[in-house]
Amino acid sequence: MLPNLAQGSVLQGLRVVEMGQLIAGPFCGKTLGDFGADIIKIEPPETGDPLRNWRMMKDGTSVWWQVQSRNKRSLALDLREPEGQAIARQLIAEADVLIENFRPGTLEGWDMAPEQLLQLNPKLVMLRISGYGQSGPYRDLPGFGVIGESMGGLRQLTGEPGRVPVRCGVSIGDTLAALHGTIGVLLALYHHKVNGGPGQVIDVALSEAVFNCMESLVPEYSVFGAVREAAGSALPGIAPSNAYPCTDGWVLVAGNGDSIFKRLMQAIERDDLAQDPALGNNSGRVARVAEIDAAIGQWTAARSVADVLQTLSAARVPAGKVYTAKDIVEDPHYQARGMLLEQTTRDGYTLTVPGIVPKLSATPGSIRSSAPHLGDDTEQVLRDIGLSEEQVAALKAKGIVQ
């Protein structure tokens with residue numbers, strides 16, 4: 001039997017087999033692991049998850065990996081081989097959750113179709129994340145997060161009008177899919193525990209996860225035939241909300257509440273706009289947004305970011321500077337909220353990593369173990385499911401495990 005490793009966490013005793021790689025599936029595994037689930041991460045021998053080699057590396061391993069794979073155990077197992085597939089099925093038979101983000105049809109080719117796995121383990125919650133979902137005409141097309149962002153409608157709205165569509169700087173499509181997947185897993189677990197329902201399959205498409213966050217994009221097209229376009233730093237249809245220049249950078253100001261707008265205008269010494277009845281609601285302000293933005297921008301352009309933030313804070317107007325990594329690490333609020341944690345890697349160096357979200361008062365998450373080296377836990381995991389020392393040695397000799 002697989003042991004229960006997490007102590008005192010809300011997901012203590014939850015057994016998760018993670019068969020995904022890179023971002024979407026593993027981010028879901030990370031989230032569940034932060035709250036106590038036992039995450040057994042299956043990786044291919046020799047190479048491991050490609051994320052180990054993405055972006056900036058320290059001691060031969062990506063520092064991103066150290067965040068994405070904390071609280072996980074690494075099983076180096078070749079799923080392309082029948083013996084590897086048999087071990088995976090044995091693990092899944094005892095698991096509560098399976099996470100995978102392969103191209104649709106991959107598991108079916110390994111004799112691990114949903115109906116087969118649910119027959120093996122009727123309570124299994126199976127999360128499947130893919131570019132376009134497990135059905136539909138695009139099902140078999142390859143799809144990464146960037147494509148999901150495009151099809152979901154996000155890329156059309158990023159950047160400056162008439163310029164090349166830009167990405168937001170992180171893999172937001174993958175992360176949104178992972179968070180939707182995490183919600184789905186928790187809903188399915190609730191259904192099983194509270195309602196006594198059977199296990200089930202959760203089908204998350206990258207494109208649909210992005211589309212689900214697109215607010216009024218489609219209703220506006222449906223009713224008005226309006227196709228929303230990129231608007232730079234502004235928020236179309238809501239005013240004022242934009243980025244404004246200062247003497248030493250940029251400041252973001254959200255003065256789009258009726259009472260907030262009045263306080264903002266008074267703070268920038270434009271009482272004429274504050275008292276203008278035509279600007280007392282959002283629709284009136286939207287009609288004159290260029291005039292309002294010009295007034296705010298003229299005021300901020302003569303001041304430093306710090307001066308602007310101090311004045312607007314005193315006026316109770318939401319405003320903020322554009323944070324860099326340095327700003328985040330040095331920010332006292334991040335520190336006070338426990339959002340910057342020190343983590344020692346298995347290579348012996350210490351790094352600062354993001355804290356845990358969300359914050360639960362009674363059962364908070366925690367970092368219980370650092371990210372594993374490839375195959376760190378192979379022998380222990382195989383012993384937990386009953387394989388003998390001789391069987392493990394034979395699998396190693398064949399290259400099935402590492």
# chains A, B, ... in the order shown; residues from 1 in each chain; ligands from 1
>>> residues_around(residues="Leu341 (chain A)", least_positions_apart="6", cutoff="9 Å", atoms="only C-alpha atoms", output="list in words")
Gln335, Leu351, Thr352, Val353, Pro354, Gly355 and Ile356 of chain A
>>> residues_around(residues="Gln66 (chain A)", least_positions_apart="3", cutoff="8 Å", atoms="only C-alpha atoms", output="list in words")
Ser62, Val63, Ser69, Arg70, Thr345, Ser370 and Ala371 of chain A
>>> residues_around(residues="Ser216 (chain A)", least_positions_apart="5", cutoff="10 Å", atoms="only C-alpha atoms", output="list in words")
Tyr221, Ser222 and Arg228 of chain A
>>> select_by_dssp(residues="region 275-371 of chain A", states="strand (DSSP E)", output="number ranges by chain")
A: 319-321, 340-344, 350-354
>>> write_last_selection(atoms="C-alpha atoms", output="PDB file, in the first residue's frame")
ATOM      1  CA  ALA A 319      -2.995  52.793  -7.588  1.00  0.00           C
ATOM      2  CA  GLY A 320       0.252  50.876  -7.863  1.00  0.00           C
ATOM      3  CA  LYS A 321       3.615  50.787  -9.513  1.00  0.00           C
ATOM      4  CA  LEU A 340       8.408  34.711  -0.066  1.00  0.00           C
ATOM      5  CA  LEU A 341       9.745  31.457   1.334  1.00  0.00           C
ATOM      6  CA  GLU A 342      13.275  30.122   1.615  1.00  0.00           C
ATOM      7  CA  GLN A 343      13.756  26.648   0.196  1.00  0.00           C
ATOM      8  CA  THR A 344      16.907  24.520   0.252  1.00  0.00           C
ATOM      9  CA  THR A 350      18.987  28.031  -0.929  1.00  0.00           C
ATOM     10  CA  LEU A 351      16.616  30.062  -3.073  1.00  0.00           C
ATOM     11  CA  THR A 352      13.571  32.246  -2.565  1.00  0.00           C
ATOM     12  CA  VAL A 353      10.352  30.783  -3.943  1.00  0.00           C
ATOM     13  CA  PRO A 354       6.710  31.923  -4.112  1.00  0.00           C
TER      14      PRO A 354
END
>>> select_by_dssp(residues="region 14-207 of chain A", states="helix (DSSP H, G or I)", output="NGL selection string")
:A and (24-34 or 50-53 or 63-68 or 82-94 or 106-109 or 114-120 or 145-151 or 155-157 or 172-195 or 206-207)
>>> closest_residue(among="A:Leu75, A:Leu141, A:Ala325, A:Ile385", to="Val401 (chain A)", atoms="only C-alpha atoms")
A:Leu75
>>> residues_around(residues="Ile238 (chain A)", least_positions_apart="6", cutoff="10 Å", atoms="only C-alpha atoms", output="MDAnalysis selection string")
chainID A and resid 254:257 282:283 285:286 289
>>> write_last_selection(atoms="all heavy atoms", output="PDB file, in the first residue's frame")
ATOM      1  N   ALA A 254      -6.621  52.959 -11.002  1.00  0.00           N
ATOM      2  CA  ALA A 254      -7.970  52.437 -11.246  1.00  0.00           C
ATOM      3  C   ALA A 254      -8.951  53.338 -10.519  1.00  0.00           C
ATOM      4  O   ALA A 254      -9.251  53.132  -9.339  1.00  0.00           O
ATOM      5  CB  ALA A 254      -8.083  50.993 -10.772  1.00  0.00           C
ATOM      6  N   GLY A 255      -9.449  54.327 -11.227  1.00  0.00           N
ATOM      7  CA  GLY A 255     -10.385  55.276 -10.626  1.00  0.00           C
ATOM      8  C   GLY A 255     -11.781  55.125 -11.166  1.00  0.00           C
ATOM      9  O   GLY A 255     -12.513  56.119 -11.316  1.00  0.00           O
ATOM     10  N   ASN A 256     -12.185  53.885 -11.477  1.00  0.00           N
ATOM     11  CA  ASN A 256     -13.416  53.659 -12.213  1.00  0.00           C
ATOM     12  C   ASN A 256     -14.661  53.501 -11.346  1.00  0.00           C
ATOM     13  O   ASN A 256     -15.745  53.302 -11.869  1.00  0.00           O
ATOM     14  CB  ASN A 256     -13.270  52.446 -13.132  1.00  0.00           C
ATOM     15  CG  ASN A 256     -12.614  51.272 -12.451  1.00  0.00           C
ATOM     16  OD1 ASN A 256     -11.420  51.301 -12.214  1.00  0.00           O
ATOM     17  ND2 ASN A 256     -13.381  50.240 -12.146  1.00  0.00           N
ATOM     18  N   GLY A 257     -14.538  53.584 -10.029  1.00  0.00           N
ATOM     19  CA  GLY A 257     -15.729  53.638  -9.184  1.00  0.00           C
ATOM     20  C   GLY A 257     -16.238  55.074  -9.127  1.00  0.00           C
ATOM     21  O   GLY A 257     -15.445  56.023  -9.168  1.00  0.00           O
ATOM     22  N   ASN A 282     -20.096  55.488 -14.991  1.00  0.00           N
ATOM     23  CA  ASN A 282     -19.100  54.910 -15.893  1.00  0.00           C
ATOM     24  C   ASN A 282     -19.389  55.217 -17.356  1.00  0.00           C
ATOM     25  O   ASN A 282     -18.476  55.519 -18.128  1.00  0.00           O
ATOM     26  CB  ASN A 282     -19.020  53.394 -15.685  1.00  0.00           C
ATOM     27  CG  ASN A 282     -17.931  52.754 -16.535  1.00  0.00           C
ATOM     28  OD1 ASN A 282     -16.760  52.999 -16.341  1.00  0.00           O
ATOM     29  ND2 ASN A 282     -18.334  51.936 -17.494  1.00  0.00           N
ATOM     30  N   SER A 283     -20.655  55.160 -17.768  1.00  0.00           N
ATOM     31  CA  SER A 283     -20.956  55.382 -19.182  1.00  0.00           C
ATOM     32  C   SER A 283     -20.574  56.799 -19.607  1.00  0.00           C
ATOM     33  O   SER A 283     -20.060  57.017 -20.715  1.00  0.00           O
ATOM     34  CB  SER A 283     -22.441  55.122 -19.464  1.00  0.00           C
ATOM     35  OG  SER A 283     -23.253  55.989 -18.678  1.00  0.00           O
ATOM     36  N   ARG A 285     -18.188  58.591 -18.264  1.00  0.00           N
ATOM     37  CA  ARG A 285     -16.726  58.678 -18.274  1.00  0.00           C
ATOM     38  C   ARG A 285     -16.134  57.983 -19.494  1.00  0.00           C
ATOM     39  O   ARG A 285     -15.142  58.447 -20.071  1.00  0.00           O
ATOM     40  CB  ARG A 285     -16.154  58.089 -16.979  1.00  0.00           C
ATOM     41  CG  ARG A 285     -16.510  58.895 -15.740  1.00  0.00           C
ATOM     42  CD  ARG A 285     -15.712  58.452 -14.534  1.00  0.00           C
ATOM     43  NE  ARG A 285     -16.026  57.085 -14.111  1.00  0.00           N
ATOM     44  CZ  ARG A 285     -17.001  56.762 -13.270  1.00  0.00           C
ATOM     45  NH1 ARG A 285     -17.782  57.715 -12.773  1.00  0.00           N
ATOM     46  NH2 ARG A 285     -17.214  55.501 -12.919  1.00  0.00           N
ATOM     47  N   VAL A 286     -16.734  56.868 -19.885  1.00  0.00           N
ATOM     48  CA  VAL A 286     -16.242  56.163 -21.076  1.00  0.00           C
ATOM     49  C   VAL A 286     -16.340  57.058 -22.306  1.00  0.00           C
ATOM     50  O   VAL A 286     -15.453  57.076 -23.159  1.00  0.00           O
ATOM     51  CB  VAL A 286     -17.021  54.843 -21.282  1.00  0.00           C
ATOM     52  CG1 VAL A 286     -16.718  54.239 -22.651  1.00  0.00           C
ATOM     53  CG2 VAL A 286     -16.689  53.845 -20.174  1.00  0.00           C
ATOM     54  N   VAL A 289     -13.280  59.356 -22.122  1.00  0.00           N
ATOM     55  CA  VAL A 289     -12.110  58.730 -21.516  1.00  0.00           C
ATOM     56  C   VAL A 289     -10.809  59.377 -21.961  1.00  0.00           C
ATOM     57  O   VAL A 289      -9.853  59.490 -21.179  1.00  0.00           O
ATOM     58  CB  VAL A 289     -12.103  57.211 -21.793  1.00  0.00           C
ATOM     59  CG1 VAL A 289     -11.921  56.915 -23.281  1.00  0.00           C
ATOM     60  CG2 VAL A 289     -11.009  56.506 -20.996  1.00  0.00           C
TER      61      VAL A 289
END
>>> atom_distance(atom1="CA of Gly152 (chain A)", atom2="CA of Val97 (chain A)")
27.1 Å
>>> closest_residue(among="A:Asp203, A:Glu291, A:Asp307, A:Glu229", to="Asn101 (chain A)", atoms="only C-alpha atoms")
A:Asp203
>>> atom_distance(atom1="CA of Ser135 (chain A)", atom2="CA of Glu115 (chain A)")
15.5 Å
>>> residues_around(residues="region 360-363 of chain A", least_positions_apart="6", cutoff="10 Å", atoms="only C-alpha atoms", output="PyMOL selection string")
chain A and resi 8-11+35-36
>>> write_last_selection(atoms="all heavy atoms", output="PDB file, in the first residue's frame")
ATOM      1  N   GLY A   8      -1.186  16.633   8.840  1.00  0.00           N
ATOM      2  CA  GLY A   8      -1.823  17.859   9.263  1.00  0.00           C
ATOM      3  C   GLY A   8      -2.270  18.772   8.150  1.00  0.00           C
ATOM      4  O   GLY A   8      -2.544  19.939   8.386  1.00  0.00           O
ATOM      5  N   SER A   9      -2.350  18.296   6.922  1.00  0.00           N
ATOM      6  CA  SER A   9      -2.783  19.125   5.813  1.00  0.00           C
ATOM      7  C   SER A   9      -4.164  18.695   5.355  1.00  0.00           C
ATOM      8  O   SER A   9      -4.590  17.566   5.586  1.00  0.00           O
ATOM      9  CB  SER A   9      -1.795  19.025   4.650  1.00  0.00           C
ATOM     10  OG  SER A   9      -0.514  19.471   5.037  1.00  0.00           O
ATOM     11  N   VAL A  10      -4.866  19.609   4.673  1.00  0.00           N
ATOM     12  CA  VAL A  10      -6.251  19.346   4.303  1.00  0.00           C
ATOM     13  C   VAL A  10      -6.364  18.164   3.341  1.00  0.00           C
ATOM     14  O   VAL A  10      -7.372  17.456   3.330  1.00  0.00           O
ATOM     15  CB  VAL A  10      -6.887  20.614   3.705  1.00  0.00           C
ATOM     16  CG1 VAL A  10      -6.259  20.984   2.388  1.00  0.00           C
ATOM     17  CG2 VAL A  10      -8.394  20.468   3.580  1.00  0.00           C
ATOM     18  N   LEU A  11      -5.346  17.916   2.525  1.00  0.00           N
ATOM     19  CA  LEU A  11      -5.377  16.793   1.584  1.00  0.00           C
ATOM     20  C   LEU A  11      -4.529  15.617   2.059  1.00  0.00           C
ATOM     21  O   LEU A  11      -4.106  14.795   1.255  1.00  0.00           O
ATOM     22  CB  LEU A  11      -4.915  17.263   0.198  1.00  0.00           C
ATOM     23  CG  LEU A  11      -5.784  18.331  -0.463  1.00  0.00           C
ATOM     24  CD1 LEU A  11      -5.238  18.696  -1.835  1.00  0.00           C
ATOM     25  CD2 LEU A  11      -7.239  17.875  -0.580  1.00  0.00           C
ATOM     26  N   PHE A  35      -0.895  21.336  -0.441  1.00  0.00           N
ATOM     27  CA  PHE A  35      -1.883  21.159   0.623  1.00  0.00           C
ATOM     28  C   PHE A  35      -1.938  19.724   1.133  1.00  0.00           C
ATOM     29  O   PHE A  35      -2.936  19.299   1.702  1.00  0.00           O
ATOM     30  CB  PHE A  35      -3.243  21.661   0.155  1.00  0.00           C
ATOM     31  CG  PHE A  35      -3.283  23.155   0.030  1.00  0.00           C
ATOM     32  CD1 PHE A  35      -3.010  23.768  -1.178  1.00  0.00           C
ATOM     33  CD2 PHE A  35      -3.529  23.945   1.139  1.00  0.00           C
ATOM     34  CE1 PHE A  35      -2.997  25.147  -1.294  1.00  0.00           C
ATOM     35  CE2 PHE A  35      -3.520  25.329   1.041  1.00  0.00           C
ATOM     36  CZ  PHE A  35      -3.253  25.933  -0.173  1.00  0.00           C
ATOM     37  N   GLY A  36      -0.852  18.994   0.947  1.00  0.00           N
ATOM     38  CA  GLY A  36      -0.699  17.724   1.641  1.00  0.00           C
ATOM     39  C   GLY A  36      -0.848  16.469   0.835  1.00  0.00           C
ATOM     40  O   GLY A  36      -0.609  15.371   1.355  1.00  0.00           O
TER      41      GLY A  36
END
>>> closest_residue(among="A:Ser171, A:Gln68, A:Thr61, A:Asn195", to="Gly33 (chain A)", atoms="only C-alpha atoms")
A:Gln68
>>> closest_residue(among="A:Arg316, A:His373, A:Lys41, A:Arg55", to="Leu77 (chain A)", atoms="only C-alpha atoms")
A:Lys41
